[in-house]
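Engineer: Take a look at the following structure, please.
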Amino acid sequence: MAGSINGIGMTSQRTRERMLTRLREQGIKDEVTLSAMGSIARHIFVDEALSIRAYEDVSLPIGFGQTISQPYIVARMTEILRAGKPLGKVLEIGTGCGYQTAVLSKVAKEVYSVERISPLLMKARSHLRELRMSNIKLKHADGTMGLPEFGPFDGIIVTAAASHIPEELLEQLVVGGRMIIPVGTEEQTLYLIERTDKPGSEFKKTKLEAVKFVPLIGGTS
Ligand code: SAH
């Protein structure tokens, strides 16, 4: 029976429904994003001991000093990236445990996701394999450089806080493409960047809200 996976019902469809109700109360309106999050078992992305907390609106540790983002921020970033339209090719920087990647795979045609910590990428790979998602390509690399060989992208989502907006990522956006990125060190702000064809104002930046992410770090390990 659905809901009895771990014997206490905390991973059930009903628990996910409650998460969706809370996301709606927090202002998430995009039904495509909500339905994607309603269809993905979030608890498989965290260690079993934490699975009971997987649907709470908190970030949780995933090892190597990294975290899985809270459901609200995953929903908000996905909603903004979509802007009410289906997405083609999307690049995610910071795969972590792969939960945001899984959500993206439901709302985009193709998803490329880059992670700098190799063992985390291996974990993400096994979680995503469990869900049989076939439109995802994972890469072990420094995401600050983007993935020029697979770009340009319709959307870029950065899930770690950058000290500045990497030029390489801007260059890998199509005209009409959107990038969402947290910027800052102590205080962080989520930015939306839209690439336009207007000479002189090619990149339109919009400040969205205060956020808290782990830092974007150059190099791999
Ligand atoms: N998207 C994840 C969030 C993971 S936390 C989720 O769904 O919850 C952010 C991740 O970004 C960490 O795993 C961290 O290792 C990774 N990261 C940080 N700097 C990076 C870089 N330069 N390139 C690729 N990944 C990076």
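By convention in this document, the chains of the structure tokens carry letters A, B, ... by their order, each chain's residues are numbered from 1, and ligands are numbered from 1 in the order they are shown.
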Please check which protein, DNA or RNA residues sit within 9 Å of ligand 1, counting only C-alpha atoms and all ligand atoms, and write them as a PyMOL selection string.
Structural biologist: chain A and resi 45+59-60+62-71+74+92-103+113-118+120-121+139-146+157-162+213-221
Engineer: What parts of region 74-179 of chain A does DSSP call alpha helix (DSSP H)? I'd like the answer as a PyMOL selection string.
Structural biologist: chain A and resi 74-82+99-107+118-130+167-171
Engineer: Have a look at CA of Lys207 (chain A) and CA of Gln172 (chain A) and let me know their distance in Å, one decimal.
Structural biologist: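 CA of Lys207 (chain A) sits 20.7 Å away from CA of Gln172 (chain A).
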Engineer: Check the DSSP output for the backbone and give back, as a ChimeraX atom specification, the residues of chain A in strand (DSSP E).
Structural biologist: /A:60-63,66-68,87-93,108-115,136-140,153-158,173-183,188-195,203-211
Engineer: Of the residues A:Leu192, A:Leu169, A:Val111, A:Leu20, which is the one nearest to Leu147 (chain A), using only C-alpha atoms?
Structural biologist: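 Closest to Leu147 (chain A) of all the choices is A:Leu169.
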Engineer: So that I can see what lies close to Thr206 (chain A), please list as an MDAnalysis selection string the residues with an atom at most 12 Å from it, counting only C-alpha atoms and leaving out residues fewer than 6 positions away in the same chain.
Structural biologist: chainID A and resid 80 178:183 189:195
Engineer: If you measure from CA of Ala108 (chain A) to CA of Arg16 (chain A), what distance in Å do you get, rounded to one decimal?
Structural biologist: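 Distance between the two atoms: 21.4 Å.
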Engineer: Ser105 (chain A): which residues within 12 Å, counting only C-alpha atoms, same-chain residues fewer than 2 positions away excluded, as a PyMOL selection string?
Structural biologist: chain A and resi 32-33+36-37+39-40+78+86-92+98-103+107-113+128+131-138
Engineer: Save the residues we just selected, N, CA, C and O atoms, as a compact mmCIF listing (two decimals), in the first residue's frame?
Structural biologist:
# COMPACT_ATOMS: atom_id res chain seq x y z
N VAL A 32 2.38 23.19 -12.84
CA VAL A 32 3.30 22.20 -13.43
C VAL A 32 4.42 21.88 -12.44
O VAL A 32 4.79 20.72 -12.24
N THR A 33 4.94 22.91 -11.79
CA THR A 33 5.97 22.71 -10.77
C THR A 33 5.40 21.91 -9.61
O THR A 33 6.02 20.95 -9.12
N ALA A 36 4.95 18.31 -10.53
CA ALA A 36 6.24 17.61 -10.58
C ALA A 36 6.68 17.23 -9.17
O ALA A 36 7.07 16.08 -8.91
N MET A 37 6.57 18.18 -8.24
CA MET A 37 7.02 17.90 -6.87
C MET A 37 6.10 16.90 -6.17
O MET A 37 6.55 16.14 -5.30
N SER A 39 4.87 14.39 -7.61
CA SER A 39 5.06 13.05 -8.17
C SER A 39 6.43 12.45 -7.82
O SER A 39 6.70 11.31 -8.17
N ILE A 40 7.28 13.23 -7.16
CA ILE A 40 8.63 12.71 -6.86
C ILE A 40 8.79 12.41 -5.37
O ILE A 40 8.53 13.26 -4.52
N THR A 78 12.14 26.66 -9.56
CA THR A 78 11.61 25.95 -10.74
C THR A 78 10.51 26.80 -11.39
O THR A 78 10.47 26.94 -12.62
N PRO A 86 6.93 25.56 -21.12
CA PRO A 86 7.76 24.36 -21.08
C PRO A 86 9.23 24.73 -21.35
O PRO A 86 9.49 25.65 -22.12
N LEU A 87 10.14 24.04 -20.69
CA LEU A 87 11.56 24.32 -20.88
C LEU A 87 12.19 23.31 -21.82
O LEU A 87 11.83 22.14 -21.80
N GLY A 88 13.13 23.77 -22.63
CA GLY A 88 13.88 22.87 -23.49
C GLY A 88 15.07 22.30 -22.74
O GLY A 88 14.93 21.43 -21.87
N LYS A 89 16.25 22.85 -23.03
CA LYS A 89 17.48 22.34 -22.43
C LYS A 89 17.86 23.18 -21.20
O LYS A 89 17.95 24.40 -21.30
N VAL A 90 18.07 22.51 -20.08
CA VAL A 90 18.36 23.21 -18.83
C VAL A 90 19.68 22.72 -18.25
O VAL A 90 20.00 21.54 -18.32
N LEU A 91 20.43 23.66 -17.66
CA LEU A 91 21.67 23.32 -16.96
C LEU A 91 21.50 23.65 -15.48
O LEU A 91 21.10 24.75 -15.13
N GLU A 92 21.81 22.65 -14.64
CA GLU A 92 21.82 22.89 -13.19
C GLU A 92 23.27 22.84 -12.70
O GLU A 92 24.00 21.91 -13.04
N GLY A 98 20.49 15.40 -5.98
CA GLY A 98 19.74 15.18 -7.23
C GLY A 98 18.25 15.47 -7.17
O GLY A 98 17.55 15.25 -8.15
N TYR A 99 17.75 16.00 -6.04
CA TYR A 99 16.30 16.23 -5.95
C TYR A 99 15.83 17.32 -6.92
O TYR A 99 14.88 17.10 -7.69
N GLN A 100 16.52 18.45 -6.92
CA GLN A 100 16.13 19.53 -7.85
C GLN A 100 16.27 19.04 -9.30
O GLN A 100 15.45 19.36 -10.14
N THR A 101 17.28 18.23 -9.54
CA THR A 101 17.49 17.66 -10.88
C THR A 101 16.26 16.85 -11.30
O THR A 101 15.79 16.95 -12.44
N ALA A 102 15.75 16.05 -10.37
CA ALA A 102 14.58 15.21 -10.66
C ALA A 102 13.36 16.08 -10.96
O ALA A 102 12.60 15.80 -11.89
N VAL A 103 13.20 17.16 -10.20
CA VAL A 103 12.07 18.07 -10.45
C VAL A 103 12.22 18.69 -11.84
O VAL A 103 11.26 18.75 -12.62
N VAL A 107 9.97 18.98 -15.86
CA VAL A 107 9.46 20.22 -16.46
C VAL A 107 10.30 20.68 -17.65
O VAL A 107 10.01 21.72 -18.23
N ALA A 108 11.36 19.93 -17.96
CA ALA A 108 12.22 20.31 -19.09
C ALA A 108 12.44 19.08 -19.98
O ALA A 108 12.30 17.94 -19.54
N LYS A 109 12.79 19.35 -21.22
CA LYS A 109 13.03 18.27 -22.16
C LYS A 109 14.32 17.52 -21.83
O LYS A 109 14.36 16.29 -21.83
N GLU A 110 15.37 18.31 -21.58
CA GLU A 110 16.69 17.73 -21.30
C GLU A 110 17.31 18.46 -20.13
O GLU A 110 17.26 19.70 -20.09
N VAL A 111 17.93 17.71 -19.21
CA VAL A 111 18.57 18.34 -18.06
C VAL A 111 20.04 17.91 -17.97
O VAL A 111 20.33 16.72 -17.98
N TYR A 112 20.92 18.89 -17.90
CA TYR A 112 22.33 18.64 -17.62
C TYR A 112 22.58 19.14 -16.21
O TYR A 112 22.16 20.24 -15.87
N SER A 113 23.25 18.34 -15.38
CA SER A 113 23.52 18.80 -14.03
C SER A 113 24.97 18.52 -13.69
O SER A 113 25.49 17.44 -13.96
N LEU A 128 18.63 8.88 -8.91
CA LEU A 128 17.91 9.19 -10.16
C LEU A 128 17.66 7.92 -10.98
O LEU A 128 16.67 7.82 -11.68
N LEU A 131 14.55 6.28 -9.91
CA LEU A 131 13.33 6.90 -10.45
C LEU A 131 13.23 6.73 -11.96
O LEU A 131 12.28 7.22 -12.58
N ARG A 132 14.21 6.08 -12.56
CA ARG A 132 14.22 5.81 -14.00
C ARG A 132 14.00 7.06 -14.84
O ARG A 132 13.10 7.13 -15.68
N MET A 133 14.80 8.08 -14.57
CA MET A 133 14.67 9.32 -15.33
C MET A 133 15.70 9.32 -16.43
O MET A 133 16.89 9.25 -16.18
N SER A 134 15.23 9.41 -17.68
CA SER A 134 16.15 9.17 -18.79
C SER A 134 16.59 10.46 -19.50
O SER A 134 17.45 10.41 -20.37
N ASN A 135 16.03 11.61 -19.14
CA ASN A 135 16.41 12.85 -19.84
C ASN A 135 17.42 13.68 -19.04
O ASN A 135 17.50 14.89 -19.19
N ILE A 136 18.18 12.99 -18.17
CA ILE A 136 19.16 13.69 -17.32
C ILE A 136 20.57 13.24 -17.65
O ILE A 136 20.83 12.05 -17.78
N LYS A 137 21.50 14.21 -17.78
CA LYS A 137 22.91 13.86 -17.91
C LYS A 137 23.66 14.52 -16.77
O LYS A 137 23.57 15.73 -16.59
N LEU A 138 24.38 13.70 -15.99
CA LEU A 138 25.13 14.22 -14.86
C LEU A 138 26.61 14.29 -15.21
O LEU A 138 27.15 13.39 -15.85
Engineer: Excluding Tyr72 (chain A) and any residue of its chain fewer than 5 positions from it, enumerate the residues within 12 Å of it, using only C-alpha atoms, and give them as a PDB file with all heavy atoms, in the first residue's frame.
Structural biologist:
ATOM      1  N   MET A  19       2.667  18.681   1.652  1.00  0.00           N
ATOM      2  CA  MET A  19       3.766  19.559   1.231  1.00  0.00           C
ATOM      3  C   MET A  19       3.268  20.530   0.152  1.00  0.00           C
ATOM      4  O   MET A  19       3.573  21.721   0.184  1.00  0.00           O
ATOM      5  CB  MET A  19       4.941  18.713   0.705  1.00  0.00           C
ATOM      6  CG  MET A  19       6.109  19.544   0.187  1.00  0.00           C
ATOM      7  SD  MET A  19       7.464  18.519  -0.464  1.00  0.00           S
ATOM      8  CE  MET A  19       6.819  18.066  -2.067  1.00  0.00           C
ATOM      9  N   LEU A  20       2.458  20.020  -0.779  1.00  0.00           N
ATOM     10  CA  LEU A  20       1.935  20.880  -1.859  1.00  0.00           C
ATOM     11  C   LEU A  20       1.009  21.959  -1.297  1.00  0.00           C
ATOM     12  O   LEU A  20       1.065  23.113  -1.723  1.00  0.00           O
ATOM     13  CB  LEU A  20       1.194  20.043  -2.913  1.00  0.00           C
ATOM     14  CG  LEU A  20       2.024  19.009  -3.666  1.00  0.00           C
ATOM     15  CD1 LEU A  20       1.204  18.375  -4.781  1.00  0.00           C
ATOM     16  CD2 LEU A  20       3.304  19.608  -4.238  1.00  0.00           C
ATOM     17  N   THR A  21       0.179  21.589  -0.335  1.00  0.00           N
ATOM     18  CA  THR A  21      -0.717  22.572   0.299  1.00  0.00           C
ATOM     19  C   THR A  21       0.112  23.687   0.925  1.00  0.00           C
ATOM     20  O   THR A  21      -0.183  24.866   0.766  1.00  0.00           O
ATOM     21  CB  THR A  21      -1.573  21.868   1.384  1.00  0.00           C
ATOM     22  OG1 THR A  21      -2.266  20.803   0.751  1.00  0.00           O
ATOM     23  CG2 THR A  21      -2.548  22.812   2.050  1.00  0.00           C
ATOM     24  N   ARG A  22       1.188  23.298   1.613  1.00  0.00           N
ATOM     25  CA  ARG A  22       2.042  24.302   2.253  1.00  0.00           C
ATOM     26  C   ARG A  22       2.724  25.184   1.204  1.00  0.00           C
ATOM     27  O   ARG A  22       2.795  26.401   1.361  1.00  0.00           O
ATOM     28  CB  ARG A  22       3.095  23.586   3.117  1.00  0.00           C
ATOM     29  CG  ARG A  22       3.666  24.466   4.214  1.00  0.00           C
ATOM     30  CD  ARG A  22       4.653  23.692   5.057  1.00  0.00           C
ATOM     31  NE  ARG A  22       5.604  22.990   4.208  1.00  0.00           N
ATOM     32  CZ  ARG A  22       5.976  21.726   4.370  1.00  0.00           C
ATOM     33  NH1 ARG A  22       5.497  21.011   5.356  1.00  0.00           N
ATOM     34  NH2 ARG A  22       6.845  21.164   3.547  1.00  0.00           N
ATOM     35  N   LEU A  23       3.173  24.573   0.113  1.00  0.00           N
ATOM     36  CA  LEU A  23       3.829  25.361  -0.943  1.00  0.00           C
ATOM     37  C   LEU A  23       2.850  26.380  -1.526  1.00  0.00           C
ATOM     38  O   LEU A  23       3.224  27.525  -1.787  1.00  0.00           O
ATOM     39  CB  LEU A  23       4.375  24.447  -2.046  1.00  0.00           C
ATOM     40  CG  LEU A  23       5.586  23.591  -1.651  1.00  0.00           C
ATOM     41  CD1 LEU A  23       5.913  22.580  -2.746  1.00  0.00           C
ATOM     42  CD2 LEU A  23       6.812  24.481  -1.383  1.00  0.00           C
ATOM     43  N   ARG A  24       1.604  25.969  -1.709  1.00  0.00           N
ATOM     44  CA  ARG A  24       0.574  26.912  -2.204  1.00  0.00           C
ATOM     45  C   ARG A  24       0.406  28.056  -1.222  1.00  0.00           C
ATOM     46  O   ARG A  24       0.329  29.217  -1.611  1.00  0.00           O
ATOM     47  CB  ARG A  24      -0.759  26.199  -2.413  1.00  0.00           C
ATOM     48  CG  ARG A  24      -0.770  25.312  -3.638  1.00  0.00           C
ATOM     49  CD  ARG A  24      -2.198  24.934  -4.039  1.00  0.00           C
ATOM     50  NE  ARG A  24      -2.176  24.196  -5.281  1.00  0.00           N
ATOM     51  CZ  ARG A  24      -2.087  22.867  -5.372  1.00  0.00           C
ATOM     52  NH1 ARG A  24      -2.061  22.133  -4.273  1.00  0.00           N
ATOM     53  NH2 ARG A  24      -2.040  22.286  -6.553  1.00  0.00           N
ATOM     54  N   GLU A  25       0.361  27.723   0.069  1.00  0.00           N
ATOM     55  CA  GLU A  25       0.209  28.771   1.099  1.00  0.00           C
ATOM     56  C   GLU A  25       1.403  29.723   1.082  1.00  0.00           C
ATOM     57  O   GLU A  25       1.276  30.895   1.410  1.00  0.00           O
ATOM     58  CB  GLU A  25       0.109  28.140   2.495  1.00  0.00           C
ATOM     59  CG  GLU A  25      -1.242  27.506   2.752  1.00  0.00           C
ATOM     60  CD  GLU A  25      -1.242  26.573   3.975  1.00  0.00           C
ATOM     61  OE1 GLU A  25      -0.210  26.487   4.692  1.00  0.00           O
ATOM     62  OE2 GLU A  25      -2.272  25.921   4.172  1.00  0.00           O
ATOM     63  N   GLN A  26       2.564  29.205   0.690  1.00  0.00           N
ATOM     64  CA  GLN A  26       3.771  30.041   0.651  1.00  0.00           C
ATOM     65  C   GLN A  26       3.846  30.851  -0.648  1.00  0.00           C
ATOM     66  O   GLN A  26       4.819  31.554  -0.872  1.00  0.00           O
ATOM     67  CB  GLN A  26       5.020  29.156   0.797  1.00  0.00           C
ATOM     68  CG  GLN A  26       5.177  28.578   2.200  1.00  0.00           C
ATOM     69  CD  GLN A  26       6.258  27.508   2.262  1.00  0.00           C
ATOM     70  OE1 GLN A  26       6.292  26.583   1.442  1.00  0.00           O
ATOM     71  NE2 GLN A  26       7.156  27.608   3.223  1.00  0.00           N
ATOM     72  N   GLY A  27       2.858  30.682  -1.516  1.00  0.00           N
ATOM     73  CA  GLY A  27       2.777  31.539  -2.707  1.00  0.00           C
ATOM     74  C   GLY A  27       3.171  30.878  -4.018  1.00  0.00           C
ATOM     75  O   GLY A  27       3.242  31.548  -5.046  1.00  0.00           O
ATOM     76  N   ILE A  28       3.457  29.587  -3.999  1.00  0.00           N
ATOM     77  CA  ILE A  28       3.800  28.899  -5.251  1.00  0.00           C
ATOM     78  C   ILE A  28       2.506  28.664  -6.042  1.00  0.00           C
ATOM     79  O   ILE A  28       1.546  28.094  -5.518  1.00  0.00           O
ATOM     80  CB  ILE A  28       4.512  27.549  -4.979  1.00  0.00           C
ATOM     81  CG1 ILE A  28       5.758  27.744  -4.094  1.00  0.00           C
ATOM     82  CG2 ILE A  28       4.863  26.834  -6.298  1.00  0.00           C
ATOM     83  CD1 ILE A  28       6.861  28.613  -4.665  1.00  0.00           C
ATOM     84  N   LYS A  29       2.521  29.117  -7.304  1.00  0.00           N
ATOM     85  CA  LYS A  29       1.278  29.062  -8.090  1.00  0.00           C
ATOM     86  C   LYS A  29       1.359  28.147  -9.304  1.00  0.00           C
ATOM     87  O   LYS A  29       0.338  27.738  -9.841  1.00  0.00           O
ATOM     88  CB  LYS A  29       0.928  30.476  -8.578  1.00  0.00           C
ATOM     89  CG  LYS A  29       0.505  31.392  -7.450  1.00  0.00           C
ATOM     90  CD  LYS A  29      -0.026  32.710  -8.002  1.00  0.00           C
ATOM     91  CE  LYS A  29      -0.487  33.619  -6.876  1.00  0.00           C
ATOM     92  NZ  LYS A  29       0.649  34.086  -6.048  1.00  0.00           N
ATOM     93  N   THR A  33       4.935  22.911 -11.795  1.00  0.00           N
ATOM     94  CA  THR A  33       5.973  22.714 -10.772  1.00  0.00           C
ATOM     95  C   THR A  33       5.403  21.909  -9.606  1.00  0.00           C
ATOM     96  O   THR A  33       6.016  20.945  -9.122  1.00  0.00           O
ATOM     97  CB  THR A  33       6.489  24.082 -10.265  1.00  0.00           C
ATOM     98  OG1 THR A  33       7.107  24.768 -11.356  1.00  0.00           O
ATOM     99  CG2 THR A  33       7.479  23.924  -9.134  1.00  0.00           C
ATOM    100  N   LEU A  34       4.215  22.289  -9.155  1.00  0.00           N
ATOM    101  CA  LEU A  34       3.597  21.590  -8.015  1.00  0.00           C
ATOM    102  C   LEU A  34       3.348  20.122  -8.351  1.00  0.00           C
ATOM    103  O   LEU A  34       3.618  19.235  -7.542  1.00  0.00           O
ATOM    104  CB  LEU A  34       2.290  22.291  -7.616  1.00  0.00           C
ATOM    105  CG  LEU A  34       2.471  23.665  -6.944  1.00  0.00           C
ATOM    106  CD1 LEU A  34       1.156  24.436  -6.923  1.00  0.00           C
ATOM    107  CD2 LEU A  34       3.020  23.506  -5.523  1.00  0.00           C
ATOM    108  N   MET A  37       6.572  18.176  -8.240  1.00  0.00           N
ATOM    109  CA  MET A  37       7.021  17.899  -6.871  1.00  0.00           C
ATOM    110  C   MET A  37       6.102  16.897  -6.170  1.00  0.00           C
ATOM    111  O   MET A  37       6.549  16.144  -5.302  1.00  0.00           O
ATOM    112  CB  MET A  37       7.148  19.200  -6.076  1.00  0.00           C
ATOM    113  CG  MET A  37       8.335  20.017  -6.604  1.00  0.00           C
ATOM    114  SD  MET A  37       8.624  21.557  -5.743  1.00  0.00           S
ATOM    115  CE  MET A  37       9.115  20.979  -4.117  1.00  0.00           C
ATOM    116  N   TYR A  55       9.847  15.790   3.989  1.00  0.00           N
ATOM    117  CA  TYR A  55       8.811  16.661   3.408  1.00  0.00           C
ATOM    118  C   TYR A  55       8.574  17.925   4.213  1.00  0.00           C
ATOM    119  O   TYR A  55       7.719  18.729   3.900  1.00  0.00           O
ATOM    120  CB  TYR A  55       7.507  15.862   3.209  1.00  0.00           C
ATOM    121  CG  TYR A  55       7.727  14.731   2.235  1.00  0.00           C
ATOM    122  CD1 TYR A  55       8.137  13.482   2.680  1.00  0.00           C
ATOM    123  CD2 TYR A  55       7.595  14.934   0.867  1.00  0.00           C
ATOM    124  CE1 TYR A  55       8.403  12.452   1.788  1.00  0.00           C
ATOM    125  CE2 TYR A  55       7.857  13.915  -0.033  1.00  0.00           C
ATOM    126  CZ  TYR A  55       8.256  12.673   0.443  1.00  0.00           C
ATOM    127  OH  TYR A  55       8.524  11.676  -0.461  1.00  0.00           O
ATOM    128  N   GLU A  56       9.362  18.099   5.283  1.00  0.00           N
ATOM    129  CA  GLU A  56       9.270  19.342   6.056  1.00  0.00           C
ATOM    130  C   GLU A  56       9.915  20.457   5.257  1.00  0.00           C
ATOM    131  O   GLU A  56      10.755  20.206   4.404  1.00  0.00           O
ATOM    132  CB  GLU A  56      10.031  19.188   7.390  1.00  0.00           C
ATOM    133  CG  GLU A  56       9.374  18.237   8.349  1.00  0.00           C
ATOM    134  CD  GLU A  56      10.208  18.050   9.618  1.00  0.00           C
ATOM    135  OE1 GLU A  56      11.120  18.867   9.879  1.00  0.00           O
ATOM    136  OE2 GLU A  56       9.953  17.064  10.319  1.00  0.00           O
ATOM    137  N   ASP A  57       9.545  21.699   5.596  1.00  0.00           N
ATOM    138  CA  ASP A  57      10.119  22.799   4.822  1.00  0.00           C
ATOM    139  C   ASP A  57      11.462  23.243   5.378  1.00  0.00           C
ATOM    140  O   ASP A  57      11.645  24.366   5.830  1.00  0.00           O
ATOM    141  CB  ASP A  57       9.157  23.982   4.749  1.00  0.00           C
ATOM    142  CG  ASP A  57       9.512  24.867   3.561  1.00  0.00           C
ATOM    143  OD1 ASP A  57       9.937  24.313   2.533  1.00  0.00           O
ATOM    144  OD2 ASP A  57       9.423  26.094   3.672  1.00  0.00           O
ATOM    145  N   VAL A  58      12.414  22.317   5.337  1.00  0.00           N
ATOM    146  CA  VAL A  58      13.754  22.605   5.850  1.00  0.00           C
ATOM    147  C   VAL A  58      14.783  22.056   4.870  1.00  0.00           C
ATOM    148  O   VAL A  58      14.478  21.160   4.081  1.00  0.00           O
ATOM    149  CB  VAL A  58      14.006  21.940   7.233  1.00  0.00           C
ATOM    150  CG1 VAL A  58      13.170  22.624   8.305  1.00  0.00           C
ATOM    151  CG2 VAL A  58      13.698  20.444   7.197  1.00  0.00           C
ATOM    152  N   SER A  59      16.007  22.619   4.946  1.00  0.00           N
ATOM    153  CA  SER A  59      17.091  21.986   4.206  1.00  0.00           C
ATOM    154  C   SER A  59      17.687  20.930   5.124  1.00  0.00           C
ATOM    155  O   SER A  59      17.635  21.056   6.346  1.00  0.00           O
ATOM    156  CB  SER A  59      18.125  23.027   3.771  1.00  0.00           C
ATOM    157  OG  SER A  59      18.628  23.713   4.885  1.00  0.00           O
ATOM    158  N   MET A  77      12.369  28.317  -7.366  1.00  0.00           N
ATOM    159  CA  MET A  77      13.351  28.436  -8.447  1.00  0.00           C
ATOM    160  C   MET A  77      12.834  27.772  -9.722  1.00  0.00           C
ATOM    161  O   MET A  77      13.035  28.278 -10.821  1.00  0.00           O
ATOM    162  CB  MET A  77      14.700  27.845  -8.014  1.00  0.00           C
ATOM    163  CG  MET A  77      15.401  28.723  -6.991  1.00  0.00           C
ATOM    164  SD  MET A  77      16.902  27.969  -6.326  1.00  0.00           S
ATOM    165  CE  MET A  77      18.162  28.599  -7.422  1.00  0.00           C
ATOM    166  N   THR A  78      12.138  26.660  -9.562  1.00  0.00           N
ATOM    167  CA  THR A  78      11.607  25.955 -10.737  1.00  0.00           C
ATOM    168  C   THR A  78      10.512  26.795 -11.387  1.00  0.00           C
ATOM    169  O   THR A  78      10.465  26.942 -12.617  1.00  0.00           O
ATOM    170  CB  THR A  78      11.055  24.571 -10.321  1.00  0.00           C
ATOM    171  OG1 THR A  78      12.052  23.897  -9.551  1.00  0.00           O
ATOM    172  CG2 THR A  78      10.693  23.730 -11.524  1.00  0.00           C
ATOM    173  N   GLU A  79       9.653  27.354 -10.559  1.00  0.00           N
ATOM    174  CA  GLU A  79       8.552  28.190 -11.058  1.00  0.00           C
ATOM    175  C   GLU A  79       9.090  29.400 -11.834  1.00  0.00           C
ATOM    176  O   GLU A  79       8.600  29.723 -12.918  1.00  0.00           O
ATOM    177  CB  GLU A  79       7.726  28.655  -9.850  1.00  0.00           C
ATOM    178  CG  GLU A  79       6.607  29.614 -10.162  1.00  0.00           C
ATOM    179  CD  GLU A  79       5.776  29.944  -8.916  1.00  0.00           C
ATOM    180  OE1 GLU A  79       6.255  30.711  -8.050  1.00  0.00           O
ATOM    181  OE2 GLU A  79       4.667  29.433  -8.818  1.00  0.00           O
ATOM    182  N   GLN A 100      16.525  18.454  -6.916  1.00  0.00           N
ATOM    183  CA  GLN A 100      16.135  19.526  -7.845  1.00  0.00           C
ATOM    184  C   GLN A 100      16.268  19.038  -9.299  1.00  0.00           C
ATOM    185  O   GLN A 100      15.448  19.361 -10.140  1.00  0.00           O
ATOM    186  CB  GLN A 100      17.031  20.762  -7.608  1.00  0.00           C
ATOM    187  CG  GLN A 100      16.883  21.862  -8.629  1.00  0.00           C
ATOM    188  CD  GLN A 100      15.677  22.764  -8.412  1.00  0.00           C
ATOM    189  OE1 GLN A 100      15.623  23.537  -7.471  1.00  0.00           O
ATOM    190  NE2 GLN A 100      14.699  22.655  -9.307  1.00  0.00           N
ATOM    191  N   VAL A 211      18.052  34.639   0.381  1.00  0.00           N
ATOM    192  CA  VAL A 211      18.130  33.175   0.433  1.00  0.00           C
ATOM    193  C   VAL A 211      19.365  32.733   1.226  1.00  0.00           C
ATOM    194  O   VAL A 211      20.193  33.565   1.598  1.00  0.00           O
ATOM    195  CB  VAL A 211      18.214  32.565  -0.999  1.00  0.00           C
ATOM    196  CG1 VAL A 211      16.876  32.600  -1.688  1.00  0.00           C
ATOM    197  CG2 VAL A 211      19.280  33.254  -1.842  1.00  0.00           C
TER     198      VAL A 211
END
Engineer: Taking 5 positions as the minimum chain separation for residues in the same chain, which residues sit within 8 Å of Ala54 (chain A) when counting only C-alpha atoms? Answer as a list in words.
Structural biologist: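 The contact residues come out as Arg42, His43, Val46 and Leu60 of chain A.
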Engineer: Work out how far apart CA of Glu31 (chain A) and CA of Leu81 (chain A) are and give it in Å to one decimal.
Structural biologist: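 Taking CA of Glu31 (chain A) and CA of Leu81 (chain A), their separation equals 13.6 Å.
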